[in-house]
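Coordinates from target-v4.txt are shown below (compact mmCIF, C-alpha atoms and all ligand atoms).
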# COMPACT_ATOMS: atom_id res chain seq x y z
CA MET A 1 -106.39 246.08 37.74
CA HIS A 2 -105.84 245.29 41.40
CA GLN A 3 -102.73 243.45 42.44
CA ARG A 4 -103.46 239.90 43.55
CA TYR A 5 -101.92 238.59 46.75
CA ARG A 6 -101.47 234.93 47.57
CA ALA A 7 -101.13 233.40 51.02
CA LYS A 8 -101.56 230.25 53.04
CA GLY A 9 -103.80 230.61 56.04
CA ILE A 10 -106.23 229.15 58.53
CA PHE A 11 -109.72 230.63 58.69
CA ILE A 12 -110.41 231.46 62.32
CA LYS A 13 -113.66 233.44 62.25
CA LYS A 14 -116.58 234.27 60.01
CA GLN A 15 -119.37 236.83 60.20
CA ASP A 16 -122.27 237.17 57.82
CA GLN A 17 -122.56 240.48 56.05
CA GLY A 18 -125.37 241.81 53.92
CA GLU A 19 -127.34 239.48 51.69
CA ALA A 20 -124.77 236.85 50.85
CA ASP A 21 -121.30 238.07 51.91
CA GLN A 22 -119.08 237.10 54.80
CA LEU A 23 -116.28 238.85 56.65
CA LEU A 24 -113.59 236.25 57.25
CA THR A 25 -110.66 236.45 59.65
CA ILE A 26 -107.69 234.44 58.45
CA PHE A 27 -104.39 233.85 60.16
CA THR A 28 -101.89 233.68 57.31
CA GLU A 29 -98.29 232.67 57.09
CA GLN A 30 -97.33 235.61 54.85
CA PHE A 31 -99.38 238.52 56.24
CA GLY A 32 -100.33 237.54 59.78
CA LYS A 33 -103.95 238.06 60.74
CA ILE A 34 -106.08 239.59 58.00
CA GLU A 35 -109.75 240.22 57.36
CA VAL A 36 -111.21 239.68 53.93
CA VAL A 37 -114.68 239.99 52.51
CA ALA A 38 -115.94 236.96 50.63
CA LYS A 39 -118.53 238.33 48.24
CA GLY A 40 -121.53 236.13 47.55
CA ILE A 41 -120.06 233.20 49.51
CA ARG A 42 -123.42 232.30 51.03
CA LYS A 43 -124.87 231.65 47.61
CA ILE A 44 -124.92 227.95 46.87
CA THR A 45 -123.18 228.55 43.55
CA SER A 46 -120.20 230.41 45.03
CA LYS A 47 -116.90 228.79 44.10
CA LEU A 48 -115.36 230.16 47.32
CA ARG A 49 -117.42 227.83 49.49
CA ALA A 50 -115.22 224.81 48.91
CA GLY A 51 -112.12 226.51 50.24
CA ALA A 52 -113.18 229.20 52.68
CA ASP A 53 -114.70 228.18 55.97
CA VAL A 54 -113.80 228.27 59.63
CA PHE A 55 -110.88 226.00 60.53
CA TYR A 56 -109.89 225.31 56.93
CA LEU A 57 -106.24 225.57 56.01
CA SER A 58 -106.26 227.01 52.50
CA GLU A 59 -104.27 228.63 49.77
CA ILE A 60 -105.98 231.94 49.27
CA GLU A 61 -105.87 234.83 46.85
CA PHE A 62 -107.17 238.31 47.54
CA VAL A 63 -107.09 241.86 46.22
CA GLN A 64 -106.93 245.07 48.19
CA GLY A 65 -110.12 247.00 47.55
CA LYS A 66 -110.66 250.65 48.45
CA SER A 67 -111.63 249.99 52.04
CA TYR A 68 -111.24 246.25 52.52
CA LYS A 69 -109.62 243.16 51.10
CA ILE A 70 -111.65 240.96 48.82
CA LEU A 71 -111.20 237.22 48.69
CA THR A 72 -110.94 236.07 45.09
CA ASP A 73 -109.96 232.42 45.47
CA ALA A 74 -109.56 229.78 48.18
CA VAL A 75 -108.39 226.21 47.74
CA ALA A 76 -108.54 223.99 50.81
CA VAL A 77 -105.31 222.20 51.70
CA ASP A 78 -106.74 220.59 54.85
CA ARG A 79 -110.28 220.83 56.16
CA PHE A 80 -109.41 219.26 59.52
CA ASP A 81 -112.40 216.92 59.35
CA SER A 82 -111.92 215.51 62.80
CA ILE A 83 -111.80 218.96 64.44
CA CYS A 84 -114.91 220.04 62.55
CA GLN A 85 -116.87 216.87 63.30
CA GLU A 86 -115.96 216.16 66.91
CA PRO A 87 -117.49 218.75 69.26
CA GLU A 88 -114.83 218.26 71.96
CA LYS A 89 -112.11 219.06 69.48
CA SER A 90 -113.92 222.07 68.05
CA GLN A 91 -114.43 223.47 71.54
CA ILE A 92 -110.74 223.34 72.32
CA ILE A 93 -109.84 224.87 68.98
CA TYR A 94 -112.39 227.65 69.53
CA LYS A 95 -110.75 228.52 72.83
CA ILE A 96 -107.27 228.61 71.35
CA VAL A 97 -108.37 230.57 68.33
CA GLU A 98 -110.19 233.09 70.52
CA LEU A 99 -107.04 233.72 72.51
CA LEU A 100 -104.95 233.93 69.36
CA ASN A 101 -107.37 236.32 67.79
CA GLN A 102 -106.95 238.66 70.73
CA PHE A 103 -103.21 238.28 70.78
CA ALA A 104 -102.33 238.56 67.12
CA ASN A 105 -101.89 242.02 65.72
CA GLN A 106 -103.66 242.86 62.52
CA GLU A 107 -101.49 242.32 59.45
CA ALA A 108 -98.24 241.66 61.26
CA THR A 109 -96.35 238.60 60.09
CA ASP A 110 -95.62 236.35 63.03
CA GLU A 111 -93.79 233.16 62.20
CA LYS A 112 -93.86 231.78 65.75
CA LEU A 113 -97.58 232.32 66.07
CA TRP A 114 -98.17 230.75 62.67
CA ARG A 115 -96.13 227.64 63.53
CA PHE A 116 -97.89 227.36 66.86
CA LEU A 117 -101.34 227.56 65.27
CA LEU A 118 -100.54 225.04 62.58
CA GLN A 119 -98.95 222.60 64.99
CA THR A 120 -101.87 222.86 67.40
CA PHE A 121 -104.36 222.13 64.63
CA GLU A 122 -102.35 219.16 63.43
CA VAL A 123 -101.92 217.67 66.89
CA ILE A 124 -105.56 218.06 67.87
CA GLU A 125 -106.77 216.78 64.50
CA ASN A 126 -104.82 213.55 64.96
CA LEU A 127 -105.51 213.02 68.62
CA GLU A 128 -107.47 210.00 69.83
CA ILE A 129 -110.56 211.42 71.49
CA ARG A 130 -110.86 208.34 73.68
CA ASN A 131 -107.95 209.53 75.77
CA LEU A 132 -109.90 212.62 76.79
CA LYS A 133 -106.67 214.49 77.08
CA LEU A 134 -107.72 217.36 74.87
CA GLU A 135 -107.84 219.95 77.64
CA ILE A 136 -104.34 218.97 78.59
CA ILE A 137 -103.06 219.11 75.04
CA CYS A 138 -104.60 222.51 74.65
CA HIS A 139 -103.02 223.92 77.79
CA TYR A 140 -99.76 222.26 76.98
CA SER A 141 -99.69 223.95 73.56
CA LEU A 142 -100.42 227.32 75.06
CA TRP A 143 -97.76 227.20 77.73
CA LYS A 144 -95.20 225.82 75.32
CA PHE A 145 -96.06 228.75 73.15
CA PHE A 146 -95.47 231.24 75.98
CA ALA A 147 -92.10 229.56 76.45
CA VAL A 148 -91.32 229.88 72.73
CA LEU A 149 -91.98 233.61 73.06
CA GLY A 150 -89.53 233.69 75.98
CA TYR A 151 -92.18 234.14 78.67
CA SER A 152 -91.95 230.96 80.61
CA PRO A 153 -92.98 231.94 84.16
CA GLU A 154 -90.92 231.21 87.27
CA LEU A 155 -92.54 228.22 88.97
CA HIS A 156 -89.92 226.93 91.37
CA HIS A 157 -88.67 229.93 93.34
CA CYS A 158 -90.46 233.08 94.42
CA PRO A 159 -89.07 235.83 92.16
CA LEU A 160 -89.07 238.31 95.08
CA CYS A 161 -87.45 236.45 97.99
CA CYS A 162 -85.83 233.71 95.82
CA LYS A 163 -86.96 231.03 98.28
CA LYS A 164 -88.09 227.67 97.01
CA LEU A 165 -91.88 227.61 96.59
CA LEU A 166 -93.47 225.18 99.02
CA PRO A 167 -96.92 223.71 98.38
CA GLU A 168 -98.94 226.36 100.17
CA THR A 169 -100.86 229.49 99.20
CA PHE A 170 -99.28 231.35 96.34
CA PHE A 171 -100.18 233.81 93.65
CA PHE A 172 -99.49 234.14 89.97
CA VAL A 173 -98.26 237.69 89.33
CA PRO A 174 -97.34 238.24 85.67
CA SER A 175 -95.51 241.53 86.31
CA GLU A 176 -93.18 239.73 88.77
CA GLY A 177 -92.50 236.97 86.25
CA GLY A 178 -94.27 234.07 87.89
CA VAL A 179 -95.48 232.53 91.13
CA VAL A 180 -94.99 234.64 94.26
CA CYS A 181 -95.13 233.24 97.81
CA TRP A 182 -97.89 234.53 100.09
CA GLN A 183 -95.42 236.29 102.41
CA CYS A 184 -94.02 238.43 99.59
CA PHE A 185 -97.48 238.88 98.15
CA SER A 186 -98.79 240.48 101.34
CA ALA A 187 -95.52 242.22 102.33
CA ASN A 188 -95.42 244.03 98.96
CA ASP A 189 -99.12 244.76 98.90
CA LEU A 190 -99.36 243.17 95.47
CA LYS A 191 -103.11 242.87 95.78
CA LYS A 192 -103.36 246.55 94.93
CA SER A 193 -100.72 246.61 92.25
CA GLY A 194 -102.38 245.18 89.20
CA LEU A 195 -102.88 241.74 87.77
CA TRP A 196 -102.65 238.71 90.05
CA PHE A 197 -104.42 235.40 90.54
CA PRO A 198 -104.53 232.80 93.27
CA ILE A 199 -102.87 229.75 91.73
CA LYS A 200 -103.57 226.25 92.98
CA VAL A 201 -100.83 223.84 93.94
CA ASP A 202 -102.06 221.38 91.27
CA THR A 203 -101.91 224.11 88.66
CA VAL A 204 -98.30 224.92 89.53
CA LYS A 205 -97.43 221.22 89.38
CA ALA A 206 -99.03 220.84 85.96
CA LEU A 207 -97.22 223.87 84.61
CA ARG A 208 -93.90 222.60 85.91
CA VAL A 209 -94.36 219.34 84.02
CA TRP A 210 -95.55 220.99 80.82
CA LEU A 211 -92.76 223.49 80.64
CA SER A 212 -90.05 220.91 81.14
CA GLN A 213 -91.39 217.80 79.38
CA ASP A 214 -92.41 216.63 75.93
CA TRP A 215 -95.85 215.60 74.68
CA ALA A 216 -95.72 212.07 76.05
CA GLU A 217 -95.00 213.13 79.63
CA ALA A 218 -97.31 216.12 79.46
CA GLY A 219 -100.26 213.85 78.67
CA LYS A 220 -99.85 212.01 81.98
CA VAL A 221 -100.76 215.04 84.07
CA SER A 222 -104.21 214.83 85.60
CA PHE A 223 -106.06 217.25 87.83
CA GLY A 224 -109.57 218.09 88.99
CA GLN A 225 -112.23 220.38 87.61
CA GLU A 226 -111.35 223.22 89.97
CA ALA A 227 -107.69 223.24 89.05
CA GLN A 228 -108.66 223.06 85.38
CA GLN A 229 -110.79 226.18 85.69
CA ASN A 230 -107.99 227.88 87.60
CA LEU A 231 -105.63 227.00 84.78
CA TRP A 232 -107.94 228.37 82.10
CA ASP A 233 -108.30 231.66 83.98
CA ILE A 234 -104.56 231.96 84.35
CA SER A 235 -103.77 230.91 80.78
CA LYS A 236 -106.24 233.38 79.35
CA ASN A 237 -105.17 236.29 81.52
CA TYR A 238 -101.48 235.62 81.08
CA PHE A 239 -102.07 235.58 77.35
CA ILE A 240 -103.83 238.94 77.55
CA TYR A 241 -101.12 240.34 79.80
CA LEU A 242 -98.42 239.28 77.34
CA ARG A 243 -100.33 240.71 74.43
CA GLU A 244 -100.54 244.08 76.18
CA ASN A 245 -97.01 244.12 77.47
CA ILE A 246 -94.85 242.69 74.74
CA SER A 247 -94.42 244.00 71.26
ZN ZN B 301 -91.31 235.29 98.32

Can the structure from this file be put into structure tokens for me?
Amino acid sequence: MHQRYRAKGIFIKKQDQGEADQLLTIFTEQFGKIEVVAKGIRKITSKLRAGADVFYLSEIEFVQGKSYKILTDAVAVDRFDSICQEPEKSQIIYKIVELLNQFANQEATDEKLWRFLLQTFEVIENLEIRNLKLEIICHYSLWKFFAVLGYSPELHHCPLCCKKLLPETFFFVPSEGGVVCWQCFSANDLKKSGLWFPIKVDTVKALRVWLSQDWAEAGKVSFGQEAQQNLWDISKNYFIYLRENIS
């Protein structure tokens, strides 16, 4: 008889397998990110269907098979109806989950990551869509999370010359710990030395607010489409950089 494991987790990805199975990726509180096979879940009669689907928070039970884990039970605690039904909300959650999926190591418990994921789901679920502040909430969550990990970037002074950053051309250089002024960027030939991004003045301003303020203040930040794209590029790449460089 296989030992049964219990956990609480959020389903973040599903892939069909064979006739009626699915491979599910779950971020759990107890085991970190795991993959389980849900046998026969695509059959209408499967009892797993009610508790195992993308973006559900569920109590799950699984056994360790010879080569993979098998989901034996799933009871939904929260199905996050609003996230599942409102496309804007699902889009944001997809982006966050995609980054998390890349960042989280397989089967490594990570309490901070778990709390971050749960909190983000709860906040976005309860957000009023009319405010159209979802993008902001999403970014805010991410950068707060970097800060929780201890990787809040330097946004006020150039880490190389220590001078105050003036609103001009600057670059986000993760290996230097934040935003570098253009003089230092060119003097140190940083263009050739790895990961860097041009960062817009509006992006720096937004990050300054988010990393020093609470939810209410963070929601007041507004910026254009271009700065938003710039922010996504930087958020995503910083996330990847951190994943590769911290452990
Ligand atoms: Zn400098």

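Here the question is which of A:Glu107, A:Glu88, A:Asp214, A:Glu154 gets nearest to ligand ZN 301 (chain B) using all atoms listed in the file, and that residue is A:Glu154.
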
Note to self: I need the residue nearest ligand ZN 301 (chain B) from this list: A:Gln30, A:Ser212, A:Ser222, A:Ser186. Use only C-alpha atoms and all ligand atoms for the distance.
What the structure shows: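 Distance minimum relative to ligand ZN 301 (chain B) lands on A:Ser186.
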
Check: Which of these, A:Leu127, A:Gly51, A:Trp143, A:Ser67, has the shortest distance to Gln213 in chain A once you count only C-alpha atoms?
Finding: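 For Gln213 in chain A, the nearest of the candidates is A:Trp143.
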
Note to self: Calculated over all atoms listed in the file, which of the candidates A:Glu98, A:Asp189, A:Glu86, A:Glu111 has the smallest distance to Lys236 in chain A?
What the structure shows: A:Glu98

Margin query: as a PyMOL selection string, please: every protein or nucleic acid residue near ligand ZN 301 (chain B) (cut-off 9 Å, counting all atoms listed in the file).
Written below: chain A and resi 157-165+179-185

Please produce an output containing C-alpha atoms for each residue in the selection, written as an mmCIF file, keeping the file's coordinate frame.
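In the end it all went to part-v9.cif:
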data_model
loop_
_atom_site.group_PDB
_atom_site.id
_atom_site.type_symbol
_atom_site.label_atom_id
_atom_site.label_comp_id
_atom_site.auth_asym_id
_atom_site.auth_seq_id
_atom_site.Cartn_x
_atom_site.Cartn_y
_atom_site.Cartn_z
ATOM 1 C CA HIS A 157 -88.670 229.930 93.340
ATOM 2 C CA CYS A 158 -90.460 233.080 94.420
ATOM 3 C CA PRO A 159 -89.070 235.830 92.160
ATOM 4 C CA LEU A 160 -89.070 238.310 95.080
ATOM 5 C CA CYS A 161 -87.450 236.450 97.990
ATOM 6 C CA CYS A 162 -85.830 233.710 95.820
ATOM 7 C CA LYS A 163 -86.960 231.030 98.280
ATOM 8 C CA LYS A 164 -88.090 227.670 97.010
ATOM 9 C CA LEU A 165 -91.880 227.610 96.590
ATOM 10 C CA VAL A 179 -95.480 232.530 91.130
ATOM 11 C CA VAL A 180 -94.990 234.640 94.260
ATOM 12 C CA CYS A 181 -95.130 233.240 97.810
ATOM 13 C CA TRP A 182 -97.890 234.530 100.090
ATOM 14 C CA GLN A 183 -95.420 236.290 102.410
ATOM 15 C CA CYS A 184 -94.020 238.430 99.590
ATOM 16 C CA PHE A 185 -97.480 238.880 98.150
#
